[in-house]
Amino acid sequence: GAVVSQHPSWVICKSGTSVKIECRSLDFQATTMFWYRQFPKQSLMLMATSNEGSKATYEQGVEKDKFLINHASLTLSTLTVTSAHPEDSSFYICSAERQGPLYGYTFGSGTRLTVV
Amino acid sequence: RKEVEQDPGPFNVPEGATVAFNCTYSNSASQSFFWYRQDCRKEPKLLMSVYSSGNEDGRFTAQLNRASQYISLLIRDSKLSDSATYLCVVRTGNQFYFGTGTSLTVIP
C-alpha cells in the first residue's frame with residue numbers, strides 16, 4: 001500500500017534555530033502533499049498544501065516565511081521551521097494523496113518538535 | 001461555522017459494548033468522507049471510507065446521510081484495542097477538513 005515516510009520522528013531544538021522535516025512518498029509519486037500541525041488534544045490543522053514544482057499554498061494565519069515548504073520532486077516535500085520558538089512546539093504531520101486505482105490519502109508518522 | 005463538527009467525548013464504554021460517533025459537515029458540496037483512527041502521539045490511520053450506501057468492515061459500520069449532512073461510525077463488541085481517538089474527515093474540492101476527534105476508552 002501507499003507508504004509515506006516522515007523524518008525525524010522527534011526533535012528538540014533551541015529557540016532561534018531552524019528545523020527541517022522531510023516527508024517522502026516511498027512507493028508512489030505525490031504531486032501534492034499536505035502539512036498539518038496538531039496541538040495536544042486538538043485536531044489536525046492544515047498549514048499548507050505543497051505542490052511539486054511550484055509554490056506552496058498556505059492557510060490563513062500561517063506565516064510562509066516562517067514555515068518554508070519545498071517540494072522539489074514527486075516524492076519529497078520538506079517543511080523548515082525557521083527561527084523556532086517554544087510556541088512552535090507541536091506535532092507536525094505530512095500527508096500525500098495517491099491518485100489512480102490505488103487512490104488513498106496517507107499520513108506520515110509525524111514529527112514531534114519541542115523548542116526549548 | 002466549522003466545516004466539520006464532532007463530539008470530542010470522551011466516551012468510556014465497557015468491553016463488548018456498542019458505541020456510535022457522529023460527525024456533521026457544513027458544505028453540501030463535500031464529496032468524500034472518511035473515518036481515521038489516531039492513537040496517542042501517532043499519526044492518523046485510515047479506518048474506512050464512508051459511502052452513501054453505508055459500508056461495513058467487521059465490527060465497524062460507517063454511514064453517510066447527505067440530506068442531514070452527517071456521517072456516523074458504529075463499533076460493535078468493543079475491544080480494549082479500540083481505545084483511540086476517531087477523526088472524521090471530509091473532503092471538499094481539494095481540501096480535507098478534520099473533526100476535532102472523539103476519544104474512546106474501552107474499559108475491561
# chains A, B, ... in the order shown; residues from 1 in each chain; ligands from 1
>>> interface_residues(of="chain A", to="chain B", cutoff="12 Å", atoms="only C-alpha atoms", output="JSON, numbers by chain")
{"A": [1, 2, 3, 4, 5, 6, 9, 10, 32, 33, 34, 35, 36, 37, 38, 39, 40, 41, 42, 43, 44, 45, 46, 47, 48, 49, 57, 59, 90, 91, 92, 93, 94, 95, 96, 97, 103, 104, 105, 106, 107, 108, 109, 110, 111, 112, 113]}
>>> select_by_dssp(residues="chain A", states="strand (DSSP E)", output="ChimeraX atom specification")
/A:4-7,10-13,19-25,32-38,45-51,57-58,67-73,76-81,90-98,104-107,111-115
>>> residues_around(residues="Gly16 in chain A", least_positions_apart="4", cutoff="12 Å", atoms="only C-alpha atoms", output="CSV table (one decimal) with N, CA, C and O atoms, in the first residue's frame")
chain,number,residue,atom,x,y,z
A,66,LYS,N,8.0,31.8,7.8
A,66,LYS,CA,8.5,31.0,9.0
A,66,LYS,C,8.5,29.5,8.7
A,66,LYS,O,9.3,28.8,9.2
A,81,VAL,N,11.0,24.8,9.8
A,81,VAL,CA,10.5,25.8,10.7
A,81,VAL,C,11.7,26.7,11.0
A,81,VAL,O,12.7,26.2,11.6
A,82,THR,N,11.6,27.9,10.6
A,82,THR,CA,12.7,28.8,10.8
A,82,THR,C,12.6,29.6,12.1
A,82,THR,O,11.5,29.9,12.5
A,83,SER,N,13.7,29.9,12.7
A,83,SER,CA,13.8,30.7,13.9
A,83,SER,C,12.7,30.2,14.9
A,83,SER,O,11.8,31.0,15.3
A,84,ALA,N,12.8,29.0,15.2
A,84,ALA,CA,11.8,28.3,16.0
A,84,ALA,C,11.7,28.9,17.4
A,84,ALA,O,12.6,29.4,18.0
A,85,HIS,N,10.4,29.0,17.9
A,85,HIS,CA,10.2,29.5,19.3
A,85,HIS,C,9.4,28.4,20.0
A,85,HIS,O,8.8,27.5,19.4
A,86,PRO,N,9.4,28.5,21.3
A,86,PRO,CA,8.6,27.5,22.1
A,86,PRO,C,7.2,27.3,21.7
A,86,PRO,O,6.7,26.2,21.7
A,87,GLU,N,6.5,28.3,21.2
A,87,GLU,CA,5.1,28.2,20.8
A,87,GLU,C,5.0,27.4,19.5
A,87,GLU,O,3.9,27.0,19.1
A,88,ASP,N,6.1,27.1,18.8
A,88,ASP,CA,6.1,26.3,17.6
A,88,ASP,C,6.1,24.8,18.0
A,88,ASP,O,6.0,23.9,17.1
A,115,VAL,N,10.7,22.9,21.2
A,115,VAL,CA,11.6,24.1,21.1
A,115,VAL,C,11.8,24.5,22.6
A,115,VAL,O,10.9,24.9,23.3
A,116,VAL,N,13.1,24.5,23.0
A,116,VAL,CA,13.4,24.9,24.4
A,116,VAL,C,14.2,26.2,24.4
A,116,VAL,O,14.7,26.7,23.4
>>> residues_around(residues="Ile107 in chain B", least_positions_apart="2", cutoff="9 Å", atoms="only C-alpha atoms", output="short mmCIF file (atom, residue, chain, number, x, y, z; two decimals) with N, CA and C atoms, in the first residue's frame")
data_model
loop_
_atom_site.label_atom_id
_atom_site.label_comp_id
_atom_site.auth_asym_id
_atom_site.auth_seq_id
_atom_site.Cartn_x
_atom_site.Cartn_y
_atom_site.Cartn_z
N ASN B 12 -16.41 6.56 27.42
CA ASN B 12 -15.83 5.46 28.19
C ASN B 12 -16.85 4.34 28.21
N VAL B 13 -16.53 3.22 27.57
CA VAL B 13 -17.50 2.14 27.45
C VAL B 13 -16.89 0.84 27.92
N PRO B 14 -17.70 -0.08 28.40
CA PRO B 14 -17.17 -1.38 28.81
C PRO B 14 -16.89 -2.25 27.60
N GLU B 15 -16.00 -3.18 27.78
CA GLU B 15 -15.71 -4.15 26.73
C GLU B 15 -17.00 -4.82 26.28
N LYS B 79 -13.54 -3.67 21.76
CA LYS B 79 -12.36 -4.33 22.32
C LYS B 79 -11.49 -3.27 23.02
N LEU B 80 -10.66 -3.75 23.92
CA LEU B 80 -9.74 -2.82 24.58
C LEU B 80 -8.87 -2.10 23.56
N SER B 83 -9.57 1.44 21.89
CA SER B 83 -9.33 2.72 22.57
C SER B 83 -8.40 3.58 21.72
N THR B 105 -12.44 5.29 25.13
CA THR B 105 -11.71 4.39 26.03
C THR B 105 -12.60 3.20 26.32
#
>>> residues_around(residues="Ser72 in chain B", least_positions_apart="3", cutoff="9 Å", atoms="only C-alpha atoms", output="NGL selection string")
:B and (20-24 or 35 or 50 or 61-65 or 88)
>>> residues_around(residues="Asn27 in chain B", least_positions_apart="6", cutoff="12 Å", atoms="only C-alpha atoms", output="PDB file with C-alpha atoms, in the first residue's frame")
ATOM      1  CA  ARG B   1     -19.413  27.654  11.404  1.00  0.00           C
ATOM      2  CA  LYS B   2     -16.782  24.922  11.363  1.00  0.00           C
ATOM      3  CA  GLU B   3     -16.507  22.761   8.285  1.00  0.00           C
ATOM      4  CA  VAL B   4     -16.650  19.619  10.385  1.00  0.00           C
ATOM      5  CA  GLU B   5     -18.034  19.236  13.885  1.00  0.00           C
ATOM      6  CA  PHE B  33     -15.868  11.170   3.742  1.00  0.00           C
ATOM      7  CA  ARG B  66     -26.236  13.553   2.740  1.00  0.00           C
ATOM      8  CA  ALA B  67     -29.649  15.057   3.432  1.00  0.00           C
ATOM      9  CA  SER B  68     -28.758  15.784   7.044  1.00  0.00           C
ATOM     10  CA  GLN B  69     -25.054  16.209   6.306  1.00  0.00           C
ATOM     11  CA  TYR B  70     -23.664  13.840   8.846  1.00  0.00           C
ATOM     12  CA  VAL B  90     -14.437  15.434   4.933  1.00  0.00           C
ATOM     13  CA  ARG B  91     -13.069  16.279   1.543  1.00  0.00           C
ATOM     14  CA  THR B  92     -14.448  19.363  -0.196  1.00  0.00           C
ATOM     15  CA  GLY B  93     -12.816  20.127  -3.507  1.00  0.00           C
ATOM     16  CA  GLN B  95      -9.307  20.431   0.782  1.00  0.00           C
ATOM     17  CA  PHE B  96      -9.541  17.966   3.623  1.00  0.00           C
ATOM     18  CA  TYR B  97     -11.239  19.046   6.813  1.00  0.00           C
TER      19      TYR B  97
END
>>> closest_residue(among="A:Phe28, A:Leu68, A:Val19, A:Ser77", to="Ser50 in chain A", atoms="only C-alpha atoms")
A:Ser77
>>> residues_around(residues="range 52-60 of chain B", least_positions_apart="5", cutoff="9 Å", atoms="only C-alpha atoms", output="PyMOL selection string")
chain B and resi 47+65-66+73-78
>>> atom_distance(atom1="CA of Tyr86 in chain B", atom2="CA of Arg24 in chain A")
25.1 Å
>>> atom_distance(atom1="CA of Glu52 in chain A", atom2="CA of Gln38 in chain B")
27.7 Å
>>> closest_residue(among="B:Ser26, B:Ala84, B:Gly16, B:Asp7", to="Pro108 in chain B", atoms="only C-alpha atoms")
B:Gly16
>>> closest_residue(among="A:Thr80, A:Thr75, A:Asn70, A:Ser54", to="Ala30 in chain A", atoms="only C-alpha atoms")
A:Thr75
>>> atom_distance(atom1="CA of Cys13 in chain A", atom2="CA of Lys64 in chain A")
20.3 Å
>>> decode(residues="range 6-51 of chain B", atoms="C-alpha atoms", output="compact mmCIF listing (two decimals), in the first residue's frame")
# COMPACT_ATOMS: atom_id res chain seq x y z
CA GLN B 6 -17.54 16.24 16.08
CA ASP B 7 -18.34 15.47 19.70
CA PRO B 8 -14.94 15.23 21.43
CA GLY B 9 -16.27 12.87 24.09
CA PRO B 10 -14.67 11.23 25.95
CA PHE B 11 -16.62 8.04 25.54
CA ASN B 12 -15.83 5.46 28.19
CA VAL B 13 -17.50 2.14 27.45
CA PRO B 14 -17.17 -1.38 28.81
CA GLU B 15 -15.71 -4.15 26.73
CA GLY B 16 -18.30 -5.67 24.45
CA ALA B 17 -20.43 -2.53 24.27
CA THR B 18 -21.65 -0.89 21.09
CA VAL B 19 -20.71 2.73 20.63
CA ALA B 20 -21.59 5.24 17.92
CA PHE B 21 -19.98 8.50 16.90
CA ASN B 22 -21.50 11.19 14.72
CA CYS B 23 -19.93 13.96 12.77
CA THR B 24 -21.64 16.80 10.89
CA TYR B 25 -20.31 18.79 7.97
CA SER B 26 -21.37 22.17 6.72
CA ASN B 27 -20.70 22.10 2.99
CA SER B 28 -23.26 20.23 0.95
CA ALA B 29 -20.76 20.05 -1.92
CA SER B 30 -18.38 17.84 0.09
CA GLN B 31 -17.69 14.75 -1.92
CA SER B 32 -15.67 12.28 0.16
CA PHE B 33 -15.87 11.17 3.74
CA PHE B 34 -13.56 9.14 5.92
CA TRP B 35 -13.04 7.87 9.43
CA TYR B 36 -9.48 7.82 10.74
CA ARG B 37 -8.15 6.35 13.94
CA GLN B 38 -5.39 8.11 15.83
CA ASP B 39 -3.55 6.55 18.71
CA CYS B 40 -1.82 8.76 21.24
CA ARG B 41 1.19 10.55 19.74
CA LYS B 42 0.84 8.67 16.45
CA GLU B 43 -0.31 9.65 13.01
CA PRO B 44 -3.94 9.13 11.94
CA LYS B 45 -4.58 5.92 10.04
CA LEU B 46 -7.46 5.35 7.69
CA LEU B 47 -10.13 3.21 9.26
CA MET B 48 -12.66 3.32 6.48
CA SER B 49 -14.13 5.46 3.76
CA VAL B 50 -17.80 6.31 4.05
CA TYR B 51 -20.27 5.82 1.25
